[in-house]
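Novice: Just so it is clear, I am handing over model26.cif, which has mmCIF, N, CA, C and O atoms.
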data_start
#
loop_
_atom_site.label_atom_id
_atom_site.label_comp_id
_atom_site.auth_asym_id
_atom_site.auth_seq_id
_atom_site.Cartn_x
_atom_site.Cartn_y
_atom_site.Cartn_z
N GLN A 1 290.43 121.35 44.47
CA GLN A 1 289.72 120.24 43.88
C GLN A 1 290.73 119.21 43.38
O GLN A 1 291.64 119.53 42.64
N LEU A 2 290.58 117.99 43.83
CA LEU A 2 291.48 116.91 43.43
C LEU A 2 290.73 115.88 42.62
O LEU A 2 289.62 115.52 42.94
N ARG A 3 291.35 115.45 41.55
CA ARG A 3 290.83 114.32 40.79
C ARG A 3 291.84 113.21 40.93
O ARG A 3 292.95 113.30 40.41
N ALA A 4 291.49 112.19 41.64
CA ALA A 4 292.44 111.12 41.92
C ALA A 4 292.44 110.10 40.80
O ALA A 4 291.41 109.77 40.23
N TYR A 5 293.62 109.60 40.51
CA TYR A 5 293.75 108.50 39.57
C TYR A 5 294.08 107.25 40.40
O TYR A 5 295.19 106.82 40.49
N ALA A 6 293.09 106.73 41.06
CA ALA A 6 293.25 105.47 41.77
C ALA A 6 292.56 104.39 40.96
O ALA A 6 293.11 103.34 40.71
N MET A 7 291.35 104.71 40.53
CA MET A 7 290.63 103.82 39.65
C MET A 7 290.08 104.70 38.53
O MET A 7 289.46 105.70 38.78
N VAL A 8 290.33 104.32 37.34
CA VAL A 8 289.93 105.13 36.19
C VAL A 8 288.92 104.35 35.38
O VAL A 8 289.13 103.20 35.06
N SER A 9 287.81 105.00 35.06
CA SER A 9 286.79 104.31 34.29
C SER A 9 287.18 104.17 32.82
O SER A 9 286.74 103.27 32.15
N SER A 10 288.01 105.06 32.35
CA SER A 10 288.42 105.01 30.96
C SER A 10 289.63 104.08 30.82
O SER A 10 290.76 104.47 31.02
N VAL A 11 289.35 102.83 30.45
CA VAL A 11 290.42 101.84 30.36
C VAL A 11 291.46 102.24 29.32
O VAL A 11 292.66 102.08 29.54
N SER A 12 291.04 102.80 28.20
CA SER A 12 292.02 103.17 27.17
C SER A 12 292.96 104.26 27.68
O SER A 12 294.16 104.21 27.43
N TRP A 13 292.44 105.24 28.41
CA TRP A 13 293.29 106.29 28.97
C TRP A 13 294.25 105.69 29.98
O TRP A 13 295.44 105.95 29.96
N ALA A 14 293.73 104.86 30.88
CA ALA A 14 294.57 104.25 31.91
C ALA A 14 295.66 103.40 31.28
O ALA A 14 296.81 103.45 31.69
N ARG A 15 295.30 102.66 30.28
CA ARG A 15 296.28 101.78 29.63
C ARG A 15 297.39 102.60 28.99
O ARG A 15 298.57 102.31 29.17
N ARG A 16 297.03 103.61 28.23
CA ARG A 16 298.03 104.44 27.57
C ARG A 16 298.91 105.14 28.59
O ARG A 16 300.12 105.24 28.41
N CYS A 17 298.32 105.64 29.65
CA CYS A 17 299.05 106.45 30.60
C CYS A 17 299.92 105.62 31.52
O CYS A 17 301.11 105.87 31.66
N VAL A 18 299.33 104.64 32.16
CA VAL A 18 300.01 103.93 33.22
C VAL A 18 300.71 102.68 32.73
O VAL A 18 301.78 102.34 33.19
N LEU A 19 300.14 102.00 31.79
CA LEU A 19 300.68 100.71 31.41
C LEU A 19 301.76 100.80 30.36
O LEU A 19 302.79 100.14 30.47
N GLU A 20 301.52 101.57 29.33
CA GLU A 20 302.38 101.49 28.15
C GLU A 20 303.40 102.60 28.00
O GLU A 20 304.34 102.45 27.25
N THR A 21 303.20 103.71 28.67
CA THR A 21 304.06 104.86 28.40
C THR A 21 305.02 105.14 29.55
O THR A 21 304.76 104.81 30.69
N GLY A 22 306.12 105.77 29.21
CA GLY A 22 307.09 106.20 30.20
C GLY A 22 306.69 107.53 30.79
O GLY A 22 305.60 108.04 30.56
N ALA A 23 307.60 108.11 31.52
CA ALA A 23 307.30 109.32 32.29
C ALA A 23 306.87 110.50 31.43
O ALA A 23 305.90 111.18 31.75
N GLU A 24 307.55 110.74 30.33
CA GLU A 24 307.25 111.93 29.53
C GLU A 24 305.83 111.90 28.95
O GLU A 24 305.08 112.86 29.07
N GLN A 25 305.47 110.80 28.33
CA GLN A 25 304.13 110.72 27.75
C GLN A 25 303.07 110.60 28.83
O GLN A 25 301.98 111.14 28.70
N SER A 26 303.39 109.91 29.93
CA SER A 26 302.44 109.83 31.05
C SER A 26 302.12 111.22 31.57
O SER A 26 300.97 111.54 31.86
N GLU A 27 303.14 112.05 31.69
CA GLU A 27 302.92 113.41 32.17
C GLU A 27 301.94 114.15 31.27
O GLU A 27 301.00 114.79 31.74
N SER A 28 302.15 114.06 29.98
CA SER A 28 301.28 114.74 29.03
C SER A 28 299.83 114.26 29.17
O SER A 28 298.91 115.06 29.23
N LEU A 29 299.64 112.96 29.24
CA LEU A 29 298.30 112.40 29.35
C LEU A 29 297.64 112.76 30.68
O LEU A 29 296.45 113.09 30.73
N ILE A 30 298.41 112.72 31.75
CA ILE A 30 297.88 113.07 33.07
C ILE A 30 297.45 114.53 33.11
O ILE A 30 296.39 114.88 33.60
N ARG A 31 298.27 115.40 32.54
CA ARG A 31 297.93 116.83 32.52
C ARG A 31 296.71 117.09 31.64
O ARG A 31 295.84 117.89 32.00
N GLU A 32 296.64 116.44 30.48
CA GLU A 32 295.47 116.60 29.60
C GLU A 32 294.18 116.22 30.31
O GLU A 32 293.14 116.83 30.09
N ALA A 33 294.24 115.19 31.15
CA ALA A 33 293.05 114.71 31.85
C ALA A 33 292.74 115.53 33.10
O ALA A 33 291.70 115.34 33.71
N GLY A 34 293.64 116.44 33.47
CA GLY A 34 293.41 117.27 34.65
C GLY A 34 293.61 116.53 35.96
O GLY A 34 293.11 116.95 37.00
N VAL A 35 294.34 115.44 35.93
CA VAL A 35 294.60 114.67 37.15
C VAL A 35 295.54 115.45 38.05
O VAL A 35 296.51 116.04 37.58
N THR A 36 295.24 115.47 39.34
CA THR A 36 296.09 116.18 40.30
C THR A 36 296.71 115.26 41.33
O THR A 36 297.57 115.68 42.09
N LEU A 37 296.27 114.01 41.38
CA LEU A 37 296.75 113.06 42.36
C LEU A 37 296.87 111.69 41.72
O LEU A 37 295.94 111.23 41.04
N VAL A 38 298.01 111.04 41.91
CA VAL A 38 298.23 109.70 41.38
C VAL A 38 298.42 108.77 42.57
O VAL A 38 299.18 109.07 43.49
N ALA A 39 297.72 107.64 42.55
CA ALA A 39 297.86 106.62 43.58
C ALA A 39 298.46 105.37 42.97
O ALA A 39 298.09 104.96 41.88
N TYR A 40 299.40 104.77 43.69
CA TYR A 40 300.01 103.51 43.25
C TYR A 40 299.97 102.55 44.43
O TYR A 40 300.39 102.90 45.54
N CYS A 41 299.46 101.37 44.20
CA CYS A 41 299.32 100.36 45.24
C CYS A 41 300.24 99.18 44.94
O CYS A 41 299.83 98.25 44.23
N PRO A 42 301.47 99.19 45.44
CA PRO A 42 302.43 98.14 45.10
C PRO A 42 302.02 96.75 45.58
O PRO A 42 302.46 95.75 45.02
N SER A 43 301.17 96.67 46.58
CA SER A 43 300.75 95.37 47.09
C SER A 43 299.61 94.76 46.28
O SER A 43 299.26 93.60 46.48
N ASP A 44 299.06 95.51 45.35
CA ASP A 44 297.96 95.02 44.51
C ASP A 44 298.52 94.05 43.47
O ASP A 44 299.40 94.42 42.69
N PRO A 45 298.02 92.82 43.42
CA PRO A 45 298.52 91.86 42.44
C PRO A 45 298.38 92.34 40.99
O PRO A 45 299.23 92.06 40.15
N GLU A 46 297.33 93.08 40.71
CA GLU A 46 297.16 93.60 39.35
C GLU A 46 298.27 94.60 39.02
O GLU A 46 298.82 94.59 37.92
N ALA A 47 298.63 95.44 39.98
CA ALA A 47 299.71 96.41 39.77
C ALA A 47 301.03 95.67 39.51
O ALA A 47 301.81 96.07 38.65
N SER A 48 301.27 94.60 40.25
CA SER A 48 302.50 93.81 40.04
C SER A 48 302.54 93.24 38.63
O SER A 48 303.59 93.23 37.98
N GLY A 49 301.40 92.77 38.15
CA GLY A 49 301.34 92.24 36.79
C GLY A 49 301.59 93.32 35.76
O GLY A 49 302.26 93.08 34.74
N ILE A 50 301.07 94.51 36.00
CA ILE A 50 301.27 95.63 35.08
C ILE A 50 302.76 95.98 35.01
O ILE A 50 303.31 96.20 33.93
N VAL A 51 303.41 96.01 36.16
CA VAL A 51 304.84 96.33 36.21
C VAL A 51 305.64 95.32 35.39
O VAL A 51 306.54 95.69 34.63
N LYS A 52 305.30 94.05 35.52
CA LYS A 52 306.03 93.00 34.78
C LYS A 52 305.77 93.09 33.28
O LYS A 52 306.67 92.90 32.48
N ARG A 53 304.54 93.40 32.93
CA ARG A 53 304.18 93.43 31.50
C ARG A 53 304.68 94.68 30.80
O ARG A 53 305.01 94.65 29.61
N TYR A 54 304.73 95.79 31.51
CA TYR A 54 305.14 97.07 30.93
C TYR A 54 306.29 97.67 31.75
O TYR A 54 306.10 98.62 32.50
N PRO A 55 307.49 97.13 31.63
CA PRO A 55 308.60 97.57 32.48
C PRO A 55 309.06 99.00 32.25
O PRO A 55 309.86 99.52 33.03
N GLU A 56 308.60 99.65 31.20
CA GLU A 56 308.96 101.05 30.94
C GLU A 56 307.84 102.02 31.35
O GLU A 56 307.99 103.22 31.20
N GLY A 57 306.74 101.49 31.85
CA GLY A 57 305.58 102.32 32.17
C GLY A 57 305.70 103.06 33.49
O GLY A 57 306.63 102.84 34.28
N LEU A 58 304.74 103.92 33.74
CA LEU A 58 304.74 104.74 34.95
C LEU A 58 304.70 103.88 36.20
O LEU A 58 305.41 104.14 37.17
N TYR A 59 303.88 102.84 36.22
CA TYR A 59 303.82 101.96 37.40
C TYR A 59 305.19 101.35 37.68
O TYR A 59 305.58 101.22 38.83
N ALA A 60 305.89 100.94 36.64
CA ALA A 60 307.21 100.34 36.83
C ALA A 60 308.17 101.35 37.46
O ALA A 60 308.97 101.01 38.34
N LEU A 61 308.10 102.60 37.01
CA LEU A 61 308.95 103.64 37.60
C LEU A 61 308.63 103.82 39.08
O LEU A 61 309.52 103.88 39.92
N LEU A 62 307.33 103.90 39.39
CA LEU A 62 306.93 104.10 40.77
C LEU A 62 307.29 102.90 41.64
O LEU A 62 307.67 103.06 42.80
N GLU A 63 307.21 101.71 41.07
CA GLU A 63 307.60 100.50 41.81
C GLU A 63 309.06 100.58 42.23
O GLU A 63 309.44 100.14 43.32
N GLN A 64 309.90 101.15 41.38
CA GLN A 64 311.34 101.28 41.66
C GLN A 64 311.67 102.54 42.46
O GLN A 64 312.84 102.88 42.63
N ASN A 65 310.64 103.24 42.91
CA ASN A 65 310.81 104.53 43.61
C ASN A 65 311.54 105.54 42.74
O ASN A 65 312.24 106.42 43.24
N ASP A 66 311.36 105.42 41.44
CA ASP A 66 311.93 106.36 40.47
C ASP A 66 310.79 107.31 40.09
O ASP A 66 310.11 107.12 39.10
N VAL A 67 310.60 108.32 40.92
CA VAL A 67 309.46 109.22 40.78
C VAL A 67 309.77 110.27 39.71
O VAL A 67 310.74 111.01 39.83
N PRO A 68 308.94 110.33 38.66
CA PRO A 68 309.16 111.33 37.61
C PRO A 68 309.09 112.75 38.18
O PRO A 68 308.42 113.00 39.19
N ALA A 69 309.76 113.66 37.52
CA ALA A 69 309.87 115.05 38.01
C ALA A 69 308.53 115.76 38.12
O ALA A 69 308.41 116.72 38.87
N PHE A 70 307.50 115.31 37.39
CA PHE A 70 306.21 115.98 37.45
C PHE A 70 305.35 115.52 38.63
O PHE A 70 304.28 116.05 38.86
N LEU A 71 305.85 114.55 39.40
CA LEU A 71 305.13 114.06 40.57
C LEU A 71 305.92 114.35 41.84
O LEU A 71 307.15 114.30 41.84
N ALA A 72 305.20 114.65 42.91
CA ALA A 72 305.82 114.86 44.21
C ALA A 72 305.17 113.89 45.19
O ALA A 72 303.95 113.90 45.35
N PRO A 73 305.99 113.04 45.83
CA PRO A 73 305.41 112.12 46.81
C PRO A 73 304.73 112.89 47.94
O PRO A 73 305.25 113.90 48.42
N ILE A 74 303.57 112.42 48.32
CA ILE A 74 302.90 112.96 49.49
C ILE A 74 303.44 112.19 50.68
O ILE A 74 303.56 110.96 50.61
N ASP A 75 303.80 112.89 51.73
CA ASP A 75 304.44 112.25 52.88
C ASP A 75 303.82 110.91 53.21
O ASP A 75 302.61 110.78 53.31
N GLY A 76 304.68 109.94 53.36
CA GLY A 76 304.25 108.60 53.71
C GLY A 76 305.40 107.64 53.57
O GLY A 76 306.46 107.96 53.05
N ASP A 77 305.18 106.45 54.03
CA ASP A 77 306.18 105.39 53.99
C ASP A 77 306.27 104.83 52.58
O ASP A 77 305.26 104.48 51.97
N ALA A 78 307.48 104.74 52.04
CA ALA A 78 307.68 104.19 50.69
C ALA A 78 307.26 102.73 50.61
O ALA A 78 307.04 102.22 49.53
N GLU A 79 307.15 102.07 51.74
CA GLU A 79 306.72 100.66 51.77
C GLU A 79 305.24 100.52 52.14
O GLU A 79 304.77 99.41 52.35
N ALA A 80 304.52 101.61 52.20
CA ALA A 80 303.10 101.57 52.54
C ALA A 80 302.31 100.84 51.45
O ALA A 80 302.75 100.77 50.31
N PRO A 81 301.13 100.33 51.78
CA PRO A 81 300.33 99.62 50.78
C PRO A 81 299.78 100.52 49.69
O PRO A 81 299.37 100.04 48.64
N ILE A 82 299.78 101.81 49.92
CA ILE A 82 299.38 102.77 48.89
C ILE A 82 300.32 103.96 48.95
O ILE A 82 300.67 104.44 50.03
N ARG A 83 300.76 104.38 47.79
CA ARG A 83 301.63 105.56 47.69
C ARG A 83 300.89 106.64 46.91
O ARG A 83 300.32 106.35 45.85
N LEU A 84 300.90 107.85 47.42
CA LEU A 84 300.22 108.97 46.78
C LEU A 84 301.24 109.98 46.28
O LEU A 84 302.24 110.26 46.96
N TYR A 85 300.94 110.52 45.11
CA TYR A 85 301.82 111.52 44.47
C TYR A 85 300.96 112.68 43.98
O TYR A 85 299.93 112.48 43.36
N ARG A 86 301.43 113.88 44.27
CA ARG A 86 300.76 115.09 43.80
C ARG A 86 301.38 115.46 42.45
O ARG A 86 302.60 115.40 42.27
N VAL A 87 300.52 115.82 41.51
CA VAL A 87 301.01 116.30 40.21
C VAL A 87 301.44 117.74 40.40
O VAL A 87 300.63 118.59 40.83
N ILE A 88 302.69 118.03 40.14
CA ILE A 88 303.22 119.39 40.31
C ILE A 88 302.68 120.26 39.19
O ILE A 88 302.82 119.91 38.01
N PRO A 89 302.05 121.39 39.55
CA PRO A 89 301.48 122.26 38.49
C PRO A 89 302.55 122.86 37.60
O PRO A 89 303.68 122.98 37.92
#
Would you encode the structure as structure tokens?
Specialist:
Amino acid sequence: QLRAYAMVSSVSWARRCVLETGAEQSESLIREAGVTLVAYCPSDPEASGIVKRYPEGLYALLEQNDVPAFLAPIDGDAEAPIRLYRVIP
């Protein structure tokens, strides 16, 4: 069973996890929510804005291909319009 974090209805959770926090706190929040898959869309203008506004956040790390240790890239092109990462149990 996979719960994807591509679009999250809980804006406060998404903001804390992806926008404002670095890898360590993002990991904790992602695990608490039971997320098993993280999607990042570098071509999305909103994602680009998030990276600029929160340069220490998870999206910023993923934009730089600096994948935190708790995530494993799912095979694919690093330049693809969507990047998928499995949360390592």
Novice: Determine the residue set returned by the PyMOL selection byres ((chain A and resi 60-71) around 5) for the present structure, and present it as a ChimeraX atom specification.
Specialist: /A:51,54-55,57-59,72-73,86-88
Novice: Would you work out the distance separating CA of Leu84 (chain A) from CA of Ala47 (chain A), expressed in Å to one decimal?
Specialist: 14.4 Å
Novice: From the list A:Leu29, A:Glu20, A:Ala78, A:Val35, which residue is nearest Lys52 (chain A) when using only C-alpha atoms?
Specialist: A:Glu20
Novice: Between CA of Pro42 (chain A) and CA of Pro81 (chain A), measure the distance and give it in Å to one decimal.
Specialist: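 CA of Pro81 (chain A) lies at a distance of 6.2 Å from CA of Pro42 (chain A).
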Novice: As an exercise, work out the distance from CA of Ile82 (chain A) to CA of Arg53 (chain A) in Å and give it to one decimal place.
Specialist: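 Here the two named atoms are 20.3 Å from each other.
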Novice: Report, as AutoDock Vina command-line options, the centre and edge lengths in Å (one decimal) of the axis-aligned box enclosing every listed atom of region 70-79 of chain A, padded by 6 Å on each side.
Specialist:
--center_x 305.1 --center_y 107.7 --center_z 45.7 --size_x 17.1 --size_y 28.6 --size_z 28.6
Novice: Out of A:Ala80, A:Pro89, A:Ala23, A:Thr36, which residue has the shortest atom-to-atom distance to Glu56 (chain A) when counting only C-alpha atoms?
Specialist: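 Residue with the minimum atom-to-atom distance to Glu56 (chain A): A:Ala23.
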